[in-house]
Amino acid sequence: MANKLIKEVVNQQYPYGFVTQIESDTIPAGLNEDIIRLISAKKNEPAFMLEWRLNAFRHWQTLTSPTWAHVHFQPIDYQDIIYYSAPKSAESGPKSLDEVDPKLLETYKKLGIPLHEQGRLAGVAVDAVFDSISVATTFKAKLADAGVIFCPFSEAVQKYPELVEKYLGTVVPYRDNFFAALNSAVFSDGSFVYVPKGVRCPMELSTYFRINTAKSGQFERTLIIAEEGSYVSYLEGCTAPMRDENQLHAAVVELVALDKAQIKYSTVQNWYPGDEEGRGGIFNFVTKRGHCRGAHSKISWTQIETGSAITWKYPSVILQGDHSIGEFYSVALTNNYQQADTGTKMIHMGKNTRSTIISKGISAGHGQNTYRGLVRMLPGAANARNYTQCDSLLLSSTCGAHTFPYIEVKNPSARVEHEASTSKIGEDQLFYCRQRGLKTEDAINMIVNGFCKQVFKELPMEFAVEAQKLLEVSLEGSVG
Amino acid sequence: MLTIENLQASIHDEKQNIKPILRGVDLTIKPGEVHAIMGPNGSGKSTLANVLAGREDYQLTGGSVRLNEEDLLSLEPEERAARGLFLAFQYPTEIPGVNNMYFLRTALNELRKRKNLPLLDAADFLMLVKSKMKEVGLDEAFLHRAVNEGFSGGEKKRNEVLQMMMLEPSFIILDETDSGLDIDALQMVGRCVNSLRNESRMILVVTHYQRLLDYIQPDVVHVMANGKILKSGDKTLAHELEAKGYGWLESEMKS
């Protein structure tokens, strides 16, 4: 009985599965040096960018797709993917919101993303990436007053090439891994943020990503640089139409925090997860890494991962500056046949560095949820500390939770703590709530939200409620 | 009015054998009455309490339960709660991350919604709950903690009594609420239950010991053993049991 109800609650429909009929400038599928030259030419890039892309591509050709993650999928045919697709009307680049195709605005409205400044999330600057290119960035002027640069990556390449050249690939080099190399070769857009010395960014920055075109991949690249003593909070959200075939999303995010700078990066990932039988859905193979380059700097990752057929991501922090702090707060939910292999890497180099890892995995249906985390204390990491807590909640008897913690300590004064728990959603807890008059679906949502609370409280206020709702929708799904 | 007739329930043991727990329970509680059920470990007292509340671990194999002329056993647990049934749990469950105040307010408003009463806003709720917390002797700090998480045994029981006082149910089952309580807490339970006694409310007190009944004077005392009610009487039966032990009754029944 309770199981049937869990199933009902867990199985709500994906509400963002619509396709926008819009004319696109789409290049042929396939990947070779000509395609890369074409992408670079379409973006009118300086020579250093093209050269970097080609180097990445040549390196990528020497690599094979990694197999160590606890996920299973058919090999991807990289020649069958479209590497560049842009809404046609935006080809010359919208100068203002008035020039943005009304259909696009309609799409974003359906997704609940307000592009207009009077929108619901007033106070949040939004950069929206539709397939391969950025279509609008709001609040540009206000940010510019504060000296903050927040623009599409392609614009940054044109306007601030020296900053791009200085920082691009310094946190995630194209040699890092298979998908990072692929992204470096073909990435088409993304967001660029630069916060000058001593500036506290006056608003939350936000990017919404959307994959619309069939068979296209999305390869965005985000670069955030926080100069000495600055602060920025950034949020990204993602959705995609429902399609039977899988689509690849291989993004790279690089964060650089200099002395006493703080970057807070939050993700609400709700790519199309596939249907109940596991058909379709996004392959979300993402490399995210932050570099605490300066002393007393801090980088904090918060992620709510409810979408995608397969998630493969490890937002990490390199703690180089002395006294720097790295944090990773994660809720990953897998339902139906979703698979997630996610976690973090905390690389402690500097002395008195601190890291905290809180991971909450929720599995339902046939979902497989893996936490994979590395804590590495290098010889210089005197008195470094890590605290890791991984909890798994199982909502069915056919799902799975797996934990792979890797710990390497090369400094005797460093200390690492690891706690882990796995529990099945308690019949006792459900009965207790229902005895007090709560409906089963409300009881499940309450218990699951309680389980995730440590992570939700890390989200910016505006998005904490949204994340909670998203979890409830995603929890419509499986169990047996 | 609660009418239990020939109620039978079983449970699957570890070897998946069917083990009967309730073997034909008959019990009638009239409006305004307080009944106590006593009995040794394993006699089926707690099972009866849980079956009435709708726990799904049991197979019902016979008999009927009517609450105010409605078939209770066909209702979901939350529907039973909506009819005014409240179980004070023997082992209250911890719900990590769920704020105690939020839980209680949600439960209260859910019941008010079903009764077409206006929902309590945060301020009204807070005033009400603070006064009730004083009565049950719980510090206000407990409002801001997760439901039962890290509470001591006694604090969990006080929290159960707090919920009872807030929800004001019309049929209350106390499942060994006295176990693990000190004298002060026992007196508090007695005071709270007595404050709820009126001409319509029904109360069923499940207990091992007579001492709670010093504070809550029952109208009827039942003795349960082997899944059946062996004997019923007034409150003197409880004293007799205390003096002579459960063995007395069982041997008396055999002879």
# chains A, B, ... in the order shown; residues from 1 in each chain; ligands from 1
call {"tool": "residues_around", "arguments": {"residues": "B:Ser200", "least_positions_apart": "4", "cutoff": "10 Å", "atoms": "only C-alpha atoms", "output": "ChimeraX atom specification"}}
result
/B:1,30-33,170-171
call {"tool": "interface_residues", "arguments": {"of": "chain A", "to": "chain B", "cutoff": "10 Å", "atoms": "only C-alpha atoms", "output": "PyMOL selection string"}}
result
chain A and resi 1-2+426-440+442-443+446-454
call {"tool": "closest_residue", "arguments": {"among": "A:Ala180, A:Val331, A:Ala47, A:Leu235", "to": "A:Leu63", "atoms": "only C-alpha atoms"}}
result
A:Ala180
call {"tool": "residues_around", "arguments": {"residues": "A:Met346", "least_positions_apart": "5", "cutoff": "9 Å", "atoms": "only C-alpha atoms", "output": "number ranges by chain"}}
result
A: 316-319, 326-328, 355-357, 373-377, 386
call {"tool": "closest_residue", "arguments": {"among": "B:Pro20, B:Gly150, B:Gly233, B:Gly190", "to": "B:Ile37", "atoms": "only C-alpha atoms"}}
result
B:Gly233
call {"tool": "residues_around", "arguments": {"residues": "B:Cys192", "least_positions_apart": "3", "cutoff": "10 Å", "atoms": "only C-alpha atoms", "output": "list in words"}}
result
Lys132, Glu135, Val136, Val161, Leu162, Met164, Met165, Leu186, Gln187, Met188, Val189, Ser195, Leu196, Arg197 and Ile216 of chain B
call {"tool": "write_last_selection", "arguments": {"atoms": "N, CA, C and O atoms", "output": "PDB file, in the first residue's frame"}}
result
ATOM      1  N   LYS B 132       0.801  24.980  25.498  1.00  0.00           N
ATOM      2  CA  LYS B 132       0.718  23.525  25.683  1.00  0.00           C
ATOM      3  C   LYS B 132       2.068  22.945  26.104  1.00  0.00           C
ATOM      4  O   LYS B 132       2.139  21.976  26.842  1.00  0.00           O
ATOM      5  N   GLU B 135       2.458  23.032  29.692  1.00  0.00           N
ATOM      6  CA  GLU B 135       1.698  21.974  30.367  1.00  0.00           C
ATOM      7  C   GLU B 135       2.426  20.636  30.366  1.00  0.00           C
ATOM      8  O   GLU B 135       2.344  19.878  31.316  1.00  0.00           O
ATOM      9  N   VAL B 136       3.102  20.319  29.259  1.00  0.00           N
ATOM     10  CA  VAL B 136       3.765  19.015  29.192  1.00  0.00           C
ATOM     11  C   VAL B 136       5.219  19.085  29.646  1.00  0.00           C
ATOM     12  O   VAL B 136       5.910  18.072  29.686  1.00  0.00           O
ATOM     13  N   VAL B 161       2.685  13.544  24.092  1.00  0.00           N
ATOM     14  CA  VAL B 161       1.585  14.141  24.857  1.00  0.00           C
ATOM     15  C   VAL B 161       1.289  15.546  24.335  1.00  0.00           C
ATOM     16  O   VAL B 161       0.131  15.952  24.222  1.00  0.00           O
ATOM     17  N   LEU B 162       2.363  16.265  23.937  1.00  0.00           N
ATOM     18  CA  LEU B 162       2.162  17.595  23.361  1.00  0.00           C
ATOM     19  C   LEU B 162       1.300  17.509  22.099  1.00  0.00           C
ATOM     20  O   LEU B 162       0.362  18.289  21.905  1.00  0.00           O
ATOM     21  N   MET B 164      -0.812  15.224  21.352  1.00  0.00           N
ATOM     22  CA  MET B 164      -2.176  14.881  21.767  1.00  0.00           C
ATOM     23  C   MET B 164      -2.926  16.124  22.237  1.00  0.00           C
ATOM     24  O   MET B 164      -4.084  16.351  21.856  1.00  0.00           O
ATOM     25  N   MET B 165      -2.238  16.961  23.014  1.00  0.00           N
ATOM     26  CA  MET B 165      -2.887  18.162  23.541  1.00  0.00           C
ATOM     27  C   MET B 165      -3.224  19.138  22.413  1.00  0.00           C
ATOM     28  O   MET B 165      -4.220  19.851  22.464  1.00  0.00           O
ATOM     29  N   LEU B 186       5.103  11.090  34.910  1.00  0.00           N
ATOM     30  CA  LEU B 186       3.862  10.329  35.044  1.00  0.00           C
ATOM     31  C   LEU B 186       2.712  11.234  35.467  1.00  0.00           C
ATOM     32  O   LEU B 186       1.609  11.163  34.919  1.00  0.00           O
ATOM     33  N   GLN B 187       3.000  12.077  36.429  1.00  0.00           N
ATOM     34  CA  GLN B 187       1.960  12.999  36.913  1.00  0.00           C
ATOM     35  C   GLN B 187       1.514  13.940  35.804  1.00  0.00           C
ATOM     36  O   GLN B 187       0.329  14.232  35.653  1.00  0.00           O
ATOM     37  N   MET B 188       2.499  14.372  34.998  1.00  0.00           N
ATOM     38  CA  MET B 188       2.172  15.267  33.886  1.00  0.00           C
ATOM     39  C   MET B 188       1.231  14.564  32.913  1.00  0.00           C
ATOM     40  O   MET B 188       0.219  15.125  32.476  1.00  0.00           O
ATOM     41  N   VAL B 189       1.568  13.303  32.567  1.00  0.00           N
ATOM     42  CA  VAL B 189       0.708  12.549  31.644  1.00  0.00           C
ATOM     43  C   VAL B 189      -0.705  12.461  32.231  1.00  0.00           C
ATOM     44  O   VAL B 189      -1.702  12.702  31.540  1.00  0.00           O
ATOM     45  N   SER B 195      -7.210  16.342  31.815  1.00  0.00           N
ATOM     46  CA  SER B 195      -7.738  17.614  31.322  1.00  0.00           C
ATOM     47  C   SER B 195      -8.543  17.426  30.041  1.00  0.00           C
ATOM     48  O   SER B 195      -9.362  18.263  29.680  1.00  0.00           O
ATOM     49  N   LEU B 196      -8.272  16.328  29.343  1.00  0.00           N
ATOM     50  CA  LEU B 196      -9.001  16.076  28.094  1.00  0.00           C
ATOM     51  C   LEU B 196     -10.282  15.267  28.316  1.00  0.00           C
ATOM     52  O   LEU B 196     -11.096  15.116  27.422  1.00  0.00           O
ATOM     53  N   ARG B 197     -10.410  14.695  29.521  1.00  0.00           N
ATOM     54  CA  ARG B 197     -11.596  13.854  29.757  1.00  0.00           C
ATOM     55  C   ARG B 197     -12.854  14.707  29.664  1.00  0.00           C
ATOM     56  O   ARG B 197     -12.951  15.763  30.270  1.00  0.00           O
ATOM     57  N   ILE B 216      -4.562   8.329  36.310  1.00  0.00           N
ATOM     58  CA  ILE B 216      -5.710   8.319  35.397  1.00  0.00           C
ATOM     59  C   ILE B 216      -6.661   7.237  35.890  1.00  0.00           C
ATOM     60  O   ILE B 216      -6.380   6.053  35.762  1.00  0.00           O
TER      61      ILE B 216
END
